[in-house]
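As stored in work_24.csv (CSV, C-alpha atoms):
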```csv
chain,number,residue,atom,x,y,z
A,1,MET,CA,-78.0,146.9,-119.4
A,2,THR,CA,-81.7,146.8,-120.1
A,3,GLU,CA,-83.6,143.9,-118.9
A,4,PRO,CA,-86.6,142.3,-120.7
A,5,ALA,CA,-90.0,143.0,-119.1
A,6,LEU,CA,-91.6,140.0,-117.4
A,7,THR,CA,-94.1,138.1,-119.6
A,8,PRO,CA,-97.6,137.7,-118.2
A,9,SER,CA,-97.0,134.0,-117.7
A,10,GLU,CA,-93.7,134.6,-115.8
A,11,ARG,CA,-95.5,137.2,-113.7
A,12,SER,CA,-98.4,135.0,-112.7
A,13,GLY,CA,-96.0,132.1,-112.0
A,14,ILE,CA,-94.0,134.3,-109.6
A,15,VAL,CA,-97.2,135.6,-107.9
A,16,ARG,CA,-98.6,132.0,-107.6
A,17,ASP,CA,-95.4,130.7,-106.0
A,18,GLY,CA,-95.3,133.6,-103.6
A,19,LEU,CA,-98.9,133.2,-102.5
A,20,ALA,CA,-98.4,129.4,-102.0
A,21,VAL,CA,-95.4,130.1,-99.6
A,22,GLY,CA,-97.5,132.8,-97.9
A,23,ILE,CA,-100.3,130.5,-97.2
A,24,ALA,CA,-98.1,127.6,-96.0
A,25,THR,CA,-96.0,129.8,-93.8
A,26,GLY,CA,-98.9,131.9,-92.6
A,27,ALA,CA,-100.7,128.8,-91.4
A,28,TYR,CA,-98.0,128.0,-88.8
A,29,GLY,CA,-98.4,131.5,-87.4
A,30,VAL,CA,-101.3,129.8,-85.5
A,31,GLY,CA,-98.6,127.6,-83.9
A,32,PHE,CA,-96.6,130.7,-82.9
A,33,GLY,CA,-99.6,132.5,-81.5
A,34,ALA,CA,-100.6,129.5,-79.3
A,35,VAL,CA,-97.0,128.8,-78.2
A,36,SER,CA,-96.3,132.4,-77.3
A,37,VAL,CA,-99.4,132.8,-75.1
A,38,ALA,CA,-98.6,129.4,-73.5
A,39,SER,CA,-95.1,130.8,-72.8
A,40,GLY,CA,-96.5,133.6,-70.7
A,41,LEU,CA,-96.7,136.5,-73.1
A,42,SER,CA,-100.1,138.2,-73.4
A,43,VAL,CA,-102.2,138.2,-76.5
A,44,ALA,CA,-101.2,141.8,-77.2
A,45,GLN,CA,-97.5,141.1,-76.8
A,46,THR,CA,-97.8,138.1,-79.0
A,47,CYS,CA,-99.5,140.1,-81.8
A,48,VAL,CA,-97.0,143.0,-81.5
A,49,LEU,CA,-94.1,140.5,-81.9
A,50,SER,CA,-95.6,139.3,-85.2
A,51,LEU,CA,-96.3,142.8,-86.4
A,52,LEU,CA,-93.0,144.5,-85.3
A,53,MET,CA,-90.4,141.8,-85.1
A,54,PHE,CA,-91.8,139.7,-88.0
A,55,THR,CA,-89.2,137.0,-88.3
A,56,GLY,CA,-90.4,133.6,-87.2
A,57,ALA,CA,-87.3,132.0,-85.7
A,58,SER,CA,-86.6,135.0,-83.5
A,59,GLN,CA,-90.2,135.2,-82.3
A,60,PHE,CA,-90.2,131.5,-81.4
A,61,ALA,CA,-86.8,132.0,-79.6
A,62,LEU,CA,-88.1,134.9,-77.5
A,63,ALA,CA,-91.2,132.9,-76.5
A,64,GLY,CA,-89.1,129.7,-76.0
A,65,VAL,CA,-86.6,131.3,-73.6
A,66,VAL,CA,-89.3,133.0,-71.6
A,67,ALA,CA,-91.2,129.6,-71.5
A,68,ALA,CA,-88.1,128.0,-70.0
A,69,GLY,CA,-88.1,130.5,-67.3
A,70,GLY,CA,-85.5,132.8,-68.7
A,71,ALA,CA,-85.4,136.6,-68.3
A,72,PRO,CA,-87.3,138.5,-71.0
A,73,MET,CA,-84.1,140.3,-71.9
A,74,SER,CA,-82.2,136.9,-72.5
A,75,GLY,CA,-85.1,136.1,-74.8
A,76,ALA,CA,-84.6,139.4,-76.6
A,77,ALA,CA,-80.9,138.8,-76.9
A,78,THR,CA,-81.4,135.4,-78.4
A,79,ALA,CA,-84.0,136.8,-80.8
A,80,LEU,CA,-81.6,139.5,-81.9
A,81,LEU,CA,-78.7,137.1,-82.5
A,82,LEU,CA,-81.0,134.9,-84.7
A,83,GLY,CA,-82.1,138.1,-86.4
A,84,THR,CA,-78.6,138.7,-87.7
A,85,ARG,CA,-79.2,136.2,-90.5
A,86,ASN,CA,-81.7,138.6,-92.0
A,87,THR,CA,-78.8,141.0,-92.3
A,88,LEU,CA,-76.9,138.4,-94.4
A,89,TYR,CA,-79.9,138.0,-96.6
A,90,GLY,CA,-80.2,141.8,-97.0
A,91,LEU,CA,-76.5,142.1,-98.1
A,92,ARG,CA,-77.2,139.4,-100.7
A,93,MET,CA,-80.5,140.8,-101.9
A,94,ALA,CA,-79.7,144.5,-102.0
A,95,PRO,CA,-77.8,144.4,-105.4
A,96,LEU,CA,-80.7,142.4,-106.8
A,97,LEU,CA,-83.6,144.4,-105.6
A,98,LYS,CA,-81.9,147.8,-106.1
A,99,TRP,CA,-84.4,149.7,-103.9
A,100,ARG,CA,-83.6,153.1,-102.4
A,101,GLY,CA,-85.2,155.5,-99.9
A,102,TRP,CA,-88.6,154.7,-98.4
A,103,ARG,CA,-89.0,151.7,-100.6
A,104,ARG,CA,-85.9,150.1,-99.1
A,105,ALA,CA,-87.1,151.0,-95.6
A,106,ALA,CA,-90.5,149.4,-96.3
A,107,ALA,CA,-89.0,146.3,-98.0
A,108,ALA,CA,-86.6,145.7,-95.0
A,109,HIS,CA,-89.6,144.9,-92.9
A,110,VAL,CA,-90.5,141.9,-95.0
A,111,LEU,CA,-86.9,140.7,-95.5
A,112,ILE,CA,-87.2,137.2,-94.1
A,113,ASP,CA,-86.2,133.6,-95.0
A,114,GLU,CA,-89.3,133.1,-97.3
A,115,SER,CA,-89.1,136.4,-99.3
A,116,THR,CA,-85.4,135.8,-99.8
A,117,ALA,CA,-85.9,132.2,-100.9
A,118,MET,CA,-88.5,133.1,-103.4
A,119,SER,CA,-86.5,136.0,-105.0
A,120,VAL,CA,-82.8,135.2,-104.7
A,121,ASN,CA,-82.8,132.9,-107.8
A,122,ARG,CA,-84.6,135.3,-110.2
A,123,ASP,CA,-82.6,136.5,-113.1
A,124,THR,CA,-84.0,140.0,-113.3
A,125,THR,CA,-84.6,142.9,-110.9
A,126,ALA,CA,-88.3,143.0,-111.9
A,127,GLY,CA,-88.6,139.2,-111.2
A,128,ALA,CA,-86.8,139.4,-107.9
A,129,ARG,CA,-88.8,142.4,-106.7
A,130,LEU,CA,-92.1,140.7,-107.6
A,131,GLY,CA,-91.2,137.5,-105.9
A,132,PHE,CA,-89.9,139.3,-102.9
A,133,LEU,CA,-93.0,141.5,-102.5
A,134,THR,CA,-95.6,138.9,-103.2
A,135,THR,CA,-94.1,136.4,-100.8
A,136,GLY,CA,-93.2,139.0,-98.1
A,137,VAL,CA,-96.6,140.7,-98.1
A,138,ALA,CA,-98.5,137.4,-98.3
A,139,VAL,CA,-96.6,136.0,-95.4
A,140,PHE,CA,-96.9,139.2,-93.4
A,141,VAL,CA,-100.7,139.4,-93.7
A,142,LEU,CA,-101.4,135.7,-93.1
A,143,TRP,CA,-98.8,135.3,-90.4
A,144,ASN,CA,-100.3,138.2,-88.4
A,145,VAL,CA,-103.9,137.0,-88.8
A,146,ALA,CA,-102.9,133.5,-87.9
A,147,THR,CA,-100.9,134.7,-84.9
A,148,ALA,CA,-104.0,136.5,-83.5
A,149,VAL,CA,-106.1,133.3,-84.0
A,150,GLY,CA,-103.5,131.1,-82.4
A,151,ALA,CA,-103.0,133.6,-79.5
A,152,PHE,CA,-106.7,133.6,-78.6
A,153,ALA,CA,-106.9,129.8,-79.0
A,154,GLY,CA,-103.9,129.4,-76.8
A,155,GLU,CA,-105.4,131.6,-74.2
A,156,ALA,CA,-108.6,129.4,-74.2
A,157,VAL,CA,-106.5,126.2,-73.8
A,158,GLY,CA,-104.6,127.5,-70.7
A,159,ASP,CA,-102.0,124.9,-69.6
A,160,PRO,CA,-99.6,124.4,-72.6
A,161,ARG,CA,-99.1,120.7,-71.7
A,162,THR,CA,-102.8,119.9,-72.4
A,163,PHE,CA,-102.3,119.6,-76.1
A,164,GLY,CA,-98.6,119.0,-76.1
A,165,LEU,CA,-97.9,122.6,-77.0
A,166,ASP,CA,-94.7,122.5,-75.0
A,167,ALA,CA,-93.5,119.8,-77.4
A,168,ALA,CA,-94.4,121.9,-80.5
A,169,VAL,CA,-91.7,124.5,-79.7
A,170,GLY,CA,-88.8,122.0,-79.9
A,171,ALA,CA,-90.3,120.6,-83.1
A,172,ALA,CA,-90.6,124.1,-84.6
A,173,PHE,CA,-86.9,124.9,-83.9
A,174,LEU,CA,-85.9,121.5,-85.4
A,175,ALA,CA,-87.9,122.2,-88.5
A,176,LEU,CA,-86.2,125.7,-88.8
A,177,LEU,CA,-82.8,124.1,-88.3
A,178,TRP,CA,-83.3,121.1,-90.7
A,179,PRO,CA,-82.5,122.8,-94.0
A,180,ARG,CA,-79.1,123.9,-92.6
A,181,LEU,CA,-78.1,120.4,-91.7
A,182,LYS,CA,-77.1,119.4,-95.2
A,183,ASP,CA,-73.6,120.6,-94.4
A,184,ARG,CA,-71.2,118.4,-92.2
A,185,ARG,CA,-69.7,121.4,-90.4
A,186,ASN,CA,-73.2,122.6,-89.5
A,187,VAL,CA,-74.1,119.2,-88.1
A,188,LEU,CA,-71.0,119.3,-85.9
A,189,VAL,CA,-71.7,122.8,-84.7
A,190,GLY,CA,-75.4,121.9,-83.9
A,191,VAL,CA,-74.4,118.8,-81.8
A,192,LEU,CA,-71.7,120.8,-79.9
A,193,ALA,CA,-74.1,123.7,-79.3
A,194,ALA,CA,-76.8,121.4,-78.0
A,195,ALA,CA,-74.3,119.7,-75.7
A,196,VAL,CA,-72.9,123.0,-74.4
A,197,ALA,CA,-76.4,124.3,-73.8
A,198,LEU,CA,-77.6,121.2,-71.9
A,199,SER,CA,-74.4,121.0,-69.8
A,200,MET,CA,-75.0,124.6,-68.6
A,201,VAL,CA,-78.7,124.2,-67.8
A,202,PRO,CA,-78.1,123.1,-64.2
A,203,LEU,CA,-75.5,125.7,-63.7
A,204,THR,CA,-76.9,129.0,-65.0
A,205,ALA,CA,-80.1,131.0,-65.1
A,206,PRO,CA,-82.6,129.9,-67.8
A,207,GLY,CA,-81.9,131.6,-71.1
A,208,VAL,CA,-78.1,131.8,-70.6
A,209,PRO,CA,-77.4,128.3,-71.9
A,210,VAL,CA,-78.8,129.1,-75.4
A,211,LEU,CA,-76.8,132.3,-75.6
A,212,ALA,CA,-73.6,130.5,-74.4
A,213,ALA,CA,-74.2,128.0,-77.2
A,214,GLY,CA,-73.7,130.9,-79.6
A,215,GLY,CA,-70.1,130.8,-78.5
A,216,VAL,CA,-69.7,127.5,-80.3
A,217,ALA,CA,-70.5,129.3,-83.6
A,218,LEU,CA,-67.9,131.9,-82.7
A,219,LEU,CA,-65.2,129.4,-81.8
A,220,VAL,CA,-65.7,127.1,-84.8
A,221,GLY,CA,-66.1,130.1,-87.2
A,222,VAL,CA,-62.8,131.5,-86.0
A,223,LEU,CA,-60.9,128.2,-86.0
A,224,ALA,CA,-62.2,126.8,-89.2
A,225,LYS,CA,-60.4,127.2,-92.5
A,226,GLY,CA,-61.7,127.8,-96.0
A,227,ASP,CA,-64.5,129.9,-97.5
A,228,ASP,CA,-68.0,129.2,-96.6
A,229,PRO,CA,-70.4,130.8,-99.1
A,230,THR,CA,-73.2,132.7,-97.3
A,231,GLU,CA,-76.1,130.4,-96.9
A,232,VAL,CA,-79.3,131.8,-98.2
A,233,PRO,CA,-82.5,129.7,-98.3
A,234,GLY,CA,-83.8,128.6,-101.6
A,235,PRO,CA,-87.4,127.7,-102.7
A,236,ASP,CA,-86.8,124.1,-101.4
A,237,ASP,CA,-86.1,125.3,-97.9
A,238,VAL,CA,-89.4,127.1,-97.1
A,239,ALA,CA,-92.9,125.9,-96.4
A,240,GLY,CA,-95.0,125.9,-99.6
A,241,GLY,CA,-91.9,126.2,-101.8
A,242,HIS,CA,-91.0,123.5,-104.3
A,243,ARG,CA,-90.5,120.3,-102.5
B,1,MET,CA,-91.8,141.9,-70.9
B,2,TRP,CA,-93.0,144.8,-73.0
B,3,THR,CA,-89.5,146.3,-73.0
B,4,ALA,CA,-88.0,143.0,-74.3
B,5,VAL,CA,-90.8,142.7,-77.0
B,6,ILE,CA,-90.2,146.3,-78.2
B,7,VAL,CA,-86.4,146.3,-78.0
B,8,ALA,CA,-86.1,142.9,-79.8
B,9,GLY,CA,-88.8,143.9,-82.4
B,10,VAL,CA,-87.1,147.2,-83.3
B,11,GLY,CA,-83.7,145.6,-83.2
B,12,CYS,CA,-84.7,142.9,-85.6
B,13,TYR,CA,-86.0,145.5,-88.0
B,14,LEU,CA,-82.8,147.5,-87.8
B,15,LEU,CA,-80.8,144.3,-88.6
B,16,LYS,CA,-82.9,143.8,-91.7
B,17,LEU,CA,-82.5,147.4,-92.8
B,18,ALA,CA,-78.7,147.3,-92.2
B,19,GLY,CA,-78.5,144.3,-94.5
B,20,LEU,CA,-80.2,146.2,-97.3
B,21,SER,CA,-78.3,149.4,-96.7
B,22,LEU,CA,-74.7,148.4,-96.0
B,23,PRO,CA,-72.2,147.8,-98.8
B,24,GLU,CA,-71.8,144.1,-99.6
B,25,LYS,CA,-68.1,144.1,-98.7
B,26,VAL,CA,-68.8,144.6,-95.0
B,27,LEU,CA,-69.1,140.8,-94.8
B,28,SER,CA,-66.3,140.0,-97.2
B,29,HIS,CA,-64.0,138.7,-94.4
B,30,PRO,CA,-64.2,134.9,-94.5
B,31,THR,CA,-64.2,134.6,-90.7
B,32,VAL,CA,-67.1,137.0,-90.2
B,33,GLU,CA,-69.0,135.2,-92.9
B,34,ARG,CA,-68.4,131.8,-91.3
B,35,VAL,CA,-69.4,133.0,-87.8
B,36,ALA,CA,-72.5,134.7,-89.1
B,37,ASP,CA,-73.5,131.5,-90.9
B,38,LEU,CA,-73.0,129.3,-87.9
B,39,ILE,CA,-74.8,131.5,-85.4
B,40,PRO,CA,-78.3,130.4,-86.4
B,41,VAL,CA,-77.2,126.7,-86.5
B,42,ALA,CA,-75.8,126.9,-83.0
B,43,LEU,CA,-78.7,128.8,-81.5
B,44,LEU,CA,-81.4,126.7,-83.1
B,45,ALA,CA,-79.7,123.5,-82.0
B,46,ALA,CA,-79.4,124.8,-78.5
B,47,LEU,CA,-83.0,125.9,-78.5
B,48,VAL,CA,-84.1,122.4,-79.6
B,49,ALA,CA,-82.1,120.8,-76.8
B,50,VAL,CA,-83.2,123.2,-74.1
B,51,GLN,CA,-86.8,123.1,-75.1
B,52,VAL,CA,-87.0,119.3,-75.1
B,53,PHE,CA,-84.6,118.1,-72.4
B,54,SER,CA,-84.9,120.7,-69.7
B,55,GLY,CA,-87.3,122.3,-67.3
B,56,GLY,CA,-86.2,125.4,-65.4
B,57,THR,CA,-82.7,124.6,-64.2
B,58,SER,CA,-82.8,120.8,-64.4
B,59,LEU,CA,-82.5,118.3,-67.1
B,60,THR,CA,-85.6,116.2,-67.7
B,61,LEU,CA,-86.9,113.4,-69.9
B,62,ASP,CA,-90.6,113.4,-70.6
B,63,ALA,CA,-93.2,113.1,-73.4
B,64,ARG,CA,-91.6,116.0,-75.3
B,65,VAL,CA,-88.9,113.6,-76.4
B,66,LEU,CA,-91.5,111.5,-78.2
B,67,GLY,CA,-92.7,114.6,-79.9
B,68,LEU,CA,-89.2,115.4,-81.1
B,69,ALA,CA,-88.8,111.9,-82.4
B,70,PHE,CA,-92.0,112.3,-84.4
B,71,ALA,CA,-90.6,115.6,-85.7
B,72,VAL,CA,-87.4,113.9,-86.9
B,73,VAL,CA,-89.3,111.2,-88.8
B,74,ALA,CA,-91.7,113.7,-90.3
B,75,LEU,CA,-88.8,115.9,-91.5
B,76,LEU,CA,-87.0,112.9,-93.0
B,77,LEU,CA,-90.2,112.2,-94.9
B,78,ARG,CA,-90.2,115.8,-96.0
B,79,MET,CA,-93.6,116.5,-94.4
B,80,PRO,CA,-94.8,120.1,-94.3
B,81,PHE,CA,-93.8,122.3,-91.4
B,82,LEU,CA,-97.4,122.3,-90.0
B,83,VAL,CA,-97.5,118.5,-89.9
B,84,VAL,CA,-94.2,118.4,-88.1
B,85,VAL,CA,-95.2,120.9,-85.4
B,86,VAL,CA,-98.8,119.8,-84.9
B,87,GLY,CA,-97.8,116.1,-85.1
B,88,ALA,CA,-95.2,116.6,-82.4
B,89,SER,CA,-97.8,118.2,-80.1
B,90,VAL,CA,-100.3,115.4,-80.7
B,91,VAL,CA,-97.8,112.7,-80.0
B,92,ALA,CA,-96.7,114.3,-76.8
B,93,ALA,CA,-100.3,114.9,-75.7
B,94,LEU,CA,-101.2,111.3,-76.4
B,95,ALA,CA,-98.2,110.0,-74.6
B,96,ARG,CA,-99.3,111.8,-71.5
B,97,LEU,CA,-102.7,110.2,-71.7
B,98,VAL,CA,-101.3,106.6,-71.4
```
Encoded form using structure tokens:
Amino acid sequence: MTEPALTPSERSGIVRDGLAVGIATGAYGVGFGAVSVASGLSVAQTCVLSLLMFTGASQFALAGVVAAGGAPMSGAATALLLGTRNTLYGLRMAPLLKWRGWRRAAAAHVLIDESTAMSVNRDTTAGARLGFLTTGVAVFVLWNVATAVGAFAGEAVGDPRTFGLDAAVGAAFLALLWPRLKDRRNVLVGVLAAAVALSMVPLTAPGVPVLAAGGVALLVGVLAKGDDPTEVPGPDDVAGGHR
Amino acid sequence: MWTAVIVAGVGCYLLKLAGLSLPEKVLSHPTVERVADLIPVALLAALVAVQVFSGGTSLTLDARVLGLAFAVVALLLRMPFLVVVVGASVVAALARLV
């Protein structure tokens, strides 16, 4: 099957959408930088997280668990569990992007919610690749610049409570969760998981309650019946996408 | 802390690469698919709860709750992510002043 080449207007539309998402998403990298430093990570550790891990929810999770007094390794475990959703995106995107070798290895680094959302609905490989790369690279560059700015600003602020930065973390997690709450089963799992986590707070070391709440996903997933199509974010689910 | 940062960073990259490299049928089992879809929901919900309603090993109720309430309203109004997060901080900070 041969695919028609992208017209110049299709091309510029895809690039424009990708850049818009990059700017909107990159901007809240300032929030991550500030929160991470407020959580007790150094500026260097904060910047390395954005460069190396580069997946917002996992980065916030590591910082959040550490801020709550959890062991760094509990934070790492939570980050890795959240990172598994990028594996799902990859399985979905691979047949569409059709990259091999070093291109695939490089593309994997920018495989995140936003790049997936802005390319999964394209009809052609050329369109998907362009959407994926434009969004992925724009978010990567801006997210890392913003992280550094936020980290230095957070260091200058000192106590996270001064500007309510401690409240920003909960709000950030809620905003990441929000697009997934359209589904009734997800709402149920979310409420159960929150209840399990809170009930364990007084009983266990910080960091453990969040990991234990992952057990709710396991339990409901095993007991539930029926197919659940893999949930991949669309343009409506990411900052700067079509709202 | 550095160990956790590096291990989690490299691990997250490998999870992404695995997704692009493994055959699609790895996840074709419905149970695996359901669990994988529910994990982010459960973890994010637990993180919201723990971040807002606890401090160390005790349950607490403070200005962070007002920040979260603002976030809910802002999300219902489809405000951008940045407004949700910054607004929640400002609300919590103001509540502490009064």
If we count only C-alpha atoms, what is near Val210 of chain A at a cut-off of 8 Å, once residues fewer than 5 positions away on the same chain are taken out, given as JSON, numbers by chain? {"A": [78, 197], "B": [43, 46, 47, 50]}
Provide as JSON, numbers by chain the residues of chain B at most 6 Å from chain A, counting all atoms listed in the file. {"B": [1, 4, 8, 9, 12, 15, 16, 17, 19, 20, 24, 30, 31, 34, 35, 38, 39, 40, 41, 42, 43, 44, 45, 46, 48, 49, 51, 52, 56, 57, 58, 64, 67, 68, 71, 82, 85, 88, 89, 92, 93]}
Around the point (-98.0, 131.4, -100.9) (coordinates from the file), which residues reach within 12 Å if we count only C-alpha atoms? Answer as a PyMOL selection string. chain A and resi 13-27+114-115+118+131-143+235+238-242
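Atom pair atom CA of Phe32 of chain A / atom CA of Asp159 of chain A has a distance of 15.5 Å (rounded to one decimal).
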re atom CA of Val72 of chain B and atom CA of Thr147 of chain A: distance 24.9 Å
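For the pair atom CA of Leu61 of chain B and atom CA of Val90 of chain B, the interatomic distance is 17.3 Å.
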For Ala151 of chain A, which residue out of A:Ser36, A:Ser12, A:Ser119, A:Thr125 is the nearest one, using all atoms listed in the file? A:Ser36
Can you write segment 125-155 of chain A from the block above with C-alpha atoms, as a CSV table (one decimal), in the first residue's frame?
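Saved the output as part_37.csv:
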```
chain,number,residue,atom,x,y,z
A,125,THR,CA,2.6,6.8,9.0
A,126,ALA,CA,4.0,10.1,7.7
A,127,GLY,CA,1.4,12.1,9.6
A,128,ALA,CA,1.8,10.0,12.8
A,129,ARG,CA,5.6,10.4,12.7
A,130,LEU,CA,5.4,14.1,12.2
A,131,GLY,CA,2.9,14.6,15.0
A,132,PHE,CA,4.8,12.3,17.3
A,133,LEU,CA,8.2,14.0,16.7
A,134,THR,CA,7.0,17.6,16.7
A,135,THR,CA,5.1,17.1,19.9
A,136,GLY,CA,7.7,14.9,21.6
A,137,VAL,CA,10.7,17.1,20.8
A,138,ALA,CA,8.8,20.4,21.6
A,139,VAL,CA,7.7,19.0,25.0
A,140,PHE,CA,11.1,17.6,25.7
A,141,VAL,CA,13.0,20.9,25.1
A,142,LEU,CA,10.4,23.2,26.8
A,143,TRP,CA,9.8,20.7,29.7
A,144,ASN,CA,13.6,20.6,30.5
A,145,VAL,CA,14.1,24.4,30.2
A,146,ALA,CA,11.0,25.0,32.4
A,147,THR,CA,12.2,22.3,35.0
A,148,ALA,CA,15.5,24.1,35.4
A,149,VAL,CA,13.7,27.5,35.8
A,150,GLY,CA,11.3,26.0,38.3
A,151,ALA,CA,14.0,24.2,40.3
A,152,PHE,CA,16.0,27.4,40.8
A,153,ALA,CA,12.9,29.3,41.7
A,154,GLY,CA,11.8,26.6,44.1
A,155,GLU,CA,15.3,26.7,45.7
```
